[in-house]
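Student: The structure under discussion is supplied below as structure tokens; questions concerning it will follow.
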Number of protein chains: 2
Amino acid sequence: MVRKTKEDAELTRQRIINAAREVFLVRGVSKSTLEHIATQAEVTRGAVYWHFKNKTDIFHAIRDQVFLPLIDRMDDTLNIESSDDALTQIEKSLCDTVQELNENIEMRQTYEIMMIKCEYVDEFATVLQQILGNCSSITQKIQLAYERAQSQNILVGSHSPHALALDTHLFFSGLLHMWVKDADGTRFRFQAIQLIQSHINLRRKTN
Amino acid sequence: MVRKTKEDAELTRQRIINAAREVFLVRGVSKSTLEHIATQAEVTRGAVYWHFKNKTDIFHAIRDQVFLPLIDRMDDTLNIESSDDALTQIEKSLCDTVQELNENIEMRQTYEIMMIKCEYVDEFATVLQQILGNCSSITQKIQLAYERAQSQNILVGSHSPHALALDTHLFFSGLLHMWVKDADGTRFRFQAIQLIQSHINLRRKTN
DNA sequence: TTATATACAAACATGAATGTATGTAAACAA
DNA sequence: TTGTTTACATACATTCATGTTTGTATATAA
């Protein structure tokens, strides 16, 4: 019962990716074996080795599938054409991401794997650099939004958009980390949106 | 050439711990073998197994040695008796921690291991819960400081100390993560202190 | 229709890593 | 001074993960 059609093959490829995500999440990346993944996907290691070079290859497939699109989405939400003021734009962008994490299981799992189920050494060290790169590009987008907020005259005090953007980015980075670590949702998840609103509110000039 | 004195034994125990820290840092916790650690410590696996039950045991030894004291230090800096105003106290506390990370190699290495060289599964999952516990105790301390700041009338606007504390904690958590990931120091480390000052400045009422 | 490439499964060979068991010399207590 | 315990080193047994090779049925192209 081998040699399926091309569509069948792509389907098992997806099954392997999904299986790997589950396995990585439970056992951590380095303690997950290709045997574990194959079993979860209900195939043999032969199938896994046919579709992927090795475990790292699967890891990258997972990452590419849901992690990169998220970055893009954040980028989009921060784009200029919008009826909202710049601060609201930032707020919505952050809230959107949290919403997405709430609704999208695969994205949530992937984030969790990337943050606390993976050791960034050897071949994974480069992934860290990519993440850092994404971070600074997002920070730049946020900074632009803060500059718009400044010219819209809705910012309190006189703080540099650069510093504000970095602060927001660090805040959000911390939030995502806590969000992921708070698996039972009792500490952070339930109030994540509220925290974002407070964060933005702190920058908004009161009438 | 065996059976050293008690002091000698304690010394090799320390050598093993230090060796493990170096090895964990380079290879990640799960890819580090007791053989690697033994070699780095210039002993045999026999010595390692004499002093420690297994790899997890060494991990906890490392953690207890430098991670827990840091938490305590932060706690101390936020104590009430101080000539500084409450906001300055928070600022100093955060800056102190960053300073310590800059100066104390072992602490820096330990932090890096805990954050990006360790997979929080199985026996390590409990460590995560401990970290979360420490976090909320620190957040509480920060909140108390913000409450003092409020009564000292040095806060802008009218934001709840609770929200401010959480925001600061998430900011700092994000900062530490970036600090660790920015190994070459070109992105975050050089401006960490400045970012903390901006963060606090954002909350301080302007005269 | 047939040859070939595809999509796997199954078997094999190798290399670690772990834990344990055993050996041993020197410190220390009596 | 001698027996015992300590602080390891060495050897051994077992398990496990990886990568590769081989086998094979079938889709697909020619």
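Just so we're on the same page: first chain in the structure tokens is A, next is B, and so on; residues restart at 1 for each chain, and ligands are numbered from 1 in the order they show up.
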Taking only C-alpha atoms (C1' of nucleotides) into account, which residues of chain B are within 12 Å of chain C, as a ChimeraX atom specification?

Tutor: /B:1-9,30-36,45-46,49,53-55

Student: Give as number ranges by chain every residue of chain D that touches chain B within 10 Å, counting only C-alpha atoms (C1' of nucleotides).

Tutor: D: 6-10

Student: Hey, list the chain B side of the contact with chain A: 9 Å cut-off, only C-alpha atoms, answer as an MDAnalysis selection string.

Tutor: chainID B and resid 25:31 113 115:122 128:129 132 136 156:157 159 163:164 166:178 181:182 187 194:196 198:199 201:203 206

Student: Could you save the residues just selected, with C-alpha atoms, as a PDB file, in the first residue's frame?

Tutor:
```pdb
ATOM      1  CA  LEU B  25      25.881  27.034  27.644  1.00  0.00           C
ATOM      2  CA  VAL B  26      27.650  25.731  24.574  1.00  0.00           C
ATOM      3  CA  ARG B  27      25.734  22.534  23.835  1.00  0.00           C
ATOM      4  CA  GLY B  28      22.380  23.132  25.510  1.00  0.00           C
ATOM      5  CA  VAL B  29      21.201  21.158  28.499  1.00  0.00           C
ATOM      6  CA  SER B  30      19.765  18.119  26.777  1.00  0.00           C
ATOM      7  CA  LYS B  31      22.625  17.655  24.347  1.00  0.00           C
ATOM      8  CA  ILE B 113      21.002  28.633  30.089  1.00  0.00           C
ATOM      9  CA  MET B 115      16.261  31.183  29.022  1.00  0.00           C
ATOM     10  CA  ILE B 116      17.444  29.735  25.753  1.00  0.00           C
ATOM     11  CA  LYS B 117      19.448  26.589  26.421  1.00  0.00           C
ATOM     12  CA  CYS B 118      16.860  24.561  28.268  1.00  0.00           C
ATOM     13  CA  GLU B 119      13.641  22.799  27.331  1.00  0.00           C
ATOM     14  CA  TYR B 120      10.973  23.027  29.968  1.00  0.00           C
ATOM     15  CA  VAL B 121       9.475  19.553  29.846  1.00  0.00           C
ATOM     16  CA  ASP B 122       9.102  16.704  32.328  1.00  0.00           C
ATOM     17  CA  LEU B 128       8.923  26.979  35.110  1.00  0.00           C
ATOM     18  CA  GLN B 129       6.274  27.104  37.787  1.00  0.00           C
ATOM     19  CA  LEU B 132       6.390  32.100  37.594  1.00  0.00           C
ATOM     20  CA  SER B 136       4.606  37.314  40.832  1.00  0.00           C
ATOM     21  CA  VAL B 156       1.747  60.943  36.096  1.00  0.00           C
ATOM     22  CA  GLY B 157      -1.945  60.572  35.386  1.00  0.00           C
ATOM     23  CA  HIS B 159      -2.897  54.666  36.693  1.00  0.00           C
ATOM     24  CA  ALA B 163      -1.273  47.751  36.210  1.00  0.00           C
ATOM     25  CA  LEU B 164       1.932  49.770  36.407  1.00  0.00           C
ATOM     26  CA  LEU B 166       2.630  44.345  35.749  1.00  0.00           C
ATOM     27  CA  ASP B 167       3.677  46.580  32.882  1.00  0.00           C
ATOM     28  CA  THR B 168       7.083  47.162  34.453  1.00  0.00           C
ATOM     29  CA  HIS B 169       7.529  43.509  35.154  1.00  0.00           C
ATOM     30  CA  LEU B 170       6.672  42.499  31.608  1.00  0.00           C
ATOM     31  CA  PHE B 171       8.965  45.202  30.278  1.00  0.00           C
ATOM     32  CA  PHE B 172      11.814  43.954  32.408  1.00  0.00           C
ATOM     33  CA  SER B 173      11.137  40.362  31.556  1.00  0.00           C
ATOM     34  CA  GLY B 174      11.299  41.247  27.878  1.00  0.00           C
ATOM     35  CA  LEU B 175      14.432  43.257  28.489  1.00  0.00           C
ATOM     36  CA  LEU B 176      16.217  40.373  30.141  1.00  0.00           C
ATOM     37  CA  HIS B 177      15.225  38.042  27.329  1.00  0.00           C
ATOM     38  CA  MET B 178      16.535  40.412  24.715  1.00  0.00           C
ATOM     39  CA  LYS B 181      19.623  36.813  23.169  1.00  0.00           C
ATOM     40  CA  ASP B 182      21.676  39.815  22.102  1.00  0.00           C
ATOM     41  CA  ARG B 187      21.194  45.563  19.862  1.00  0.00           C
ATOM     42  CA  GLN B 194      18.894  53.799  29.217  1.00  0.00           C
ATOM     43  CA  LEU B 195      15.755  51.816  28.408  1.00  0.00           C
ATOM     44  CA  ILE B 196      15.067  51.300  32.080  1.00  0.00           C
ATOM     45  CA  SER B 198      13.044  55.847  29.887  1.00  0.00           C
ATOM     46  CA  HIS B 199      10.579  53.332  31.207  1.00  0.00           C
ATOM     47  CA  ASN B 201      10.605  58.415  33.260  1.00  0.00           C
ATOM     48  CA  LEU B 202       7.377  57.682  31.443  1.00  0.00           C
ATOM     49  CA  ARG B 203       5.678  57.281  34.812  1.00  0.00           C
ATOM     50  CA  THR B 206       6.948  66.366  35.186  1.00  0.00           C
TER      51      THR B 206
END
```

Student: Could you list, as a VMD selection string, every residue within 12 Å of Asp72 in chain A, counting only C-alpha atoms (C1' of nucleotides) and ignoring same-chain residues fewer than 2 positions away?

Tutor: chain A and resid 64 66 to 70 74 to 79 93 97 134 to 135 137 to 138 141

Student: Take the residues just selected and output them with C-alpha atoms as a compact mmCIF listing (two decimals), in the first residue's frame.

Tutor:
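out_35.txt written:
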```txt
# COMPACT_ATOMS: atom_id res chain seq x y z
CA ASP A 64 7.86 28.63 8.44
CA VAL A 66 2.90 29.53 11.30
CA PHE A 67 5.60 31.69 12.84
CA LEU A 68 6.55 33.76 9.84
CA PRO A 69 2.95 34.55 8.81
CA LEU A 70 2.37 36.00 12.27
CA MET A 74 1.68 42.27 12.74
CA ASP A 75 3.44 44.21 10.05
CA ASP A 76 0.17 44.63 8.18
CA THR A 77 -1.87 45.81 11.14
CA LEU A 78 0.66 48.57 11.69
CA ASN A 79 0.33 49.90 8.20
CA SER A 93 -2.01 45.22 16.46
CA THR A 97 -1.73 38.96 17.94
CA ASN A 134 12.12 40.21 13.06
CA CYS A 135 12.00 41.93 16.40
CA SER A 137 11.77 45.25 12.12
CA ILE A 138 8.62 45.18 14.24
CA LYS A 141 7.13 49.68 12.54
```

Student: Report, in Å to a single decimal, how far apart CA of Val98 in chain A and CA of Ile90 in chain B are.

Tutor: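 CA of Ile90 in chain B sits 28.2 Å away from CA of Val98 in chain A.
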
Student: Using DSSP on the backbone coordinates, identify the residues of range 91-165 of chain A assigned to alpha helix (DSSP H); present them as a PyMOL selection string.

Tutor: chain A and resi 91-103+105-116+125-151+161-165
